[in-house]
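Visitor: Here you go, one structure.
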Amino acid sequence: MSRCLRDRTLLLLYYGGGTKAKQTHLTECETCAIRYRQLGRDLESISQVLREKPAPQTVSHRSRPAFARWLPASAALALALLLVWVSVRMWNPSARPPVRGTNNGEAWSLMDEFPSSLFLLNEAIIGDLGTGSARSYNLAAAVLEADRPCEWYDLPAMGMTESSIEDSGISETTPFATCIEVNPVAITLKPKA
Amino acid sequence: MSYEALYAAHHGEVLRLCRLLLANHHDAEEIAQEVFLKVYQQFQNMNQNELMMWRPWLIRVSVNACRDRRRSGWWKLWRGANEEYQEAKFPNPSSTPEELVLSRETERRIWRAFEKLSARQREVFVLHHVDGWSIDEVAEMLGIATGSVKRYLFRAARHLRRILGDRQ
């Protein structure tokens with residue numbers, strides 16, 4: 001006796017397919033014959049449900065999926081926002097684009113802090129251009145000094161002390177009012193060990 | 001045969017077929033109305049002495065109309081995936097509550113599995129198993145080969161049986 005038929009083969013036989021040998025097996029094997037009859041009953045019960053029982057009505061068969069319901073509203077809102085933005089841009093040309101890498105407000109406060117003394121300095125230099133003397137530099141230092149106190153030079157952070165400045169040959173009579181301008185090229189300062 | 005007699009004889013069958021193919025009662029009613037409008041037009045145009053096999057013609061027109069409805073893009077959108085099933089409206093009073101729950105559950109599973117069949121599998125299964133047409137007749141009505149009908153039937157039946165198998 002050959003092996004029993006698979007479900008797939010039984011189904012093929014049910015719809016008139018399968019080989020002659022399989023059909024013969026079906027008539028000889030009691031187990032397969034029972035399974036074949038069960039298959040027929042299953043299909044008949046399925047057909048009966050489809051034929052006689054009403055299809056389960058859906059509660060909200062006319063309702064669209066959530067994304068379909070919200071799609072028009074979202075599109076309208078996005079369009080309205082876009083129109084508002086475009087109109088603001090068109091009617092307010094003074095709107096400045098933000099500076100890349102910084103906060104917009106930060107950039108403008110920086111501009112406000114820009115020392116007006118620099119313009120004074122510029123005028124002083126132009127006025128003294130012909131002489132070439134150190135007077136203009138003194139004047140420049142004095143003008144700058146008005147805006148920038150000496151804390152500007154953070155000596156400990158630069159690895160310098162008061163004595164190292166003295167060692168560097170800069171005397172107290174250096175014609176800078178209170179601040180010291182250190183020329184990084186001319187003077188090499190070594191931090192204390 | 002008058003139009004009224006034709007309507008009375010076949011409207012129920014057409015409605016059931018549309019309901020099975022669309023799985024929606026309201027759409028099925030609409031399509032059945034469309035089909036009988038076509039019947040009416042055909043009825044007026046044809047020669048009164050002409051004999052016509054109305055039943056296969058009605059089935060073919062209904063299947064095509066349902067297919068057109070399913071293909072329409074809005075229909076897919078309209079029929080949301082978030083639908084819930086209602087309870088059966090006509091419970092069998094002779095059943096015990098347990099049997100009732102089980103049979104309801106089985107019916108629901110069968111319907112759900114049936115709705116997952118492809119359009120062609122559904123058409124073929126309904127015409128052969130529910131309406132009782134032979135495989136050759138189904139092939140002729142749908143305009144496909146007999147082998148194709150068997151293949152669709154095989155796949156549909158295997159899918160539906162798997163659902164029943166899970167239940168057991």
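In the structure tokens, the first chain shown is A, the next is B, and so on; residue numbers restart at 1 for each chain, and ligands run from 1 in the order shown.
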Write out as a count of residues only which residues come within 10 Å of A:Asp7 when counting only C-alpha atoms, dropping same-chain ones fewer than 6 positions away.
Guide: 6
Visitor: Counting only C-alpha atoms, figure out which residue out of B:Gly143, B:Leu21, B:Ser2, B:Arg16 gets nearest to B:Val63.
Guide: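 Comparing B:Gly143, B:Leu21, B:Ser2, B:Arg16 against B:Val63, the winner is B:Leu21.
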Visitor: Please indicate the distance in Å from atom CA of B:Arg151 to atom CA of B:Glu137, rounded to one decimal place.
Guide: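 Calculated distance between atom CA of B:Arg151 and atom CA of B:Glu137 is 15.1 Å.
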Visitor: Work out how far atom CA of B:Met141 is from atom CA of A:Leu12, in Å to one decimal.
Guide: 22.2 Å
Visitor: Please determine, counting only C-alpha atoms, which residue among B:His10, B:His159, B:His129, B:His26 has the shortest atom-to-atom distance to chain A.
Guide: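 Nearest candidate to chain A out of B:His10, B:His159, B:His129, B:His26: B:His129.
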Visitor: Using only C-alpha atoms, which of A:Tyr15, A:Trp85, A:Trp70, A:Trp91 sits nearest chain B?
Guide: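 Checking each of A:Tyr15, A:Trp85, A:Trp70, A:Trp91 against chain B, counting only C-alpha atoms, the winner is A:Tyr15.
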Visitor: Determine the nearest neighbour of A:His25 from the options A:Thr9, A:Gln48, A:Gln38, A:Asn92, counting only C-alpha atoms.
Guide: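 Going through A:Thr9, A:Gln48, A:Gln38, A:Asn92 one by one, the smallest distance to A:His25 is for A:Thr9.
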Visitor: Would you mind reading off the distance between atom CA of B:Trp57 and atom CA of B:Lys38, one decimal, in Å?
Guide: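 Atom CA of B:Trp57 sits 10.8 Å away from atom CA of B:Lys38.
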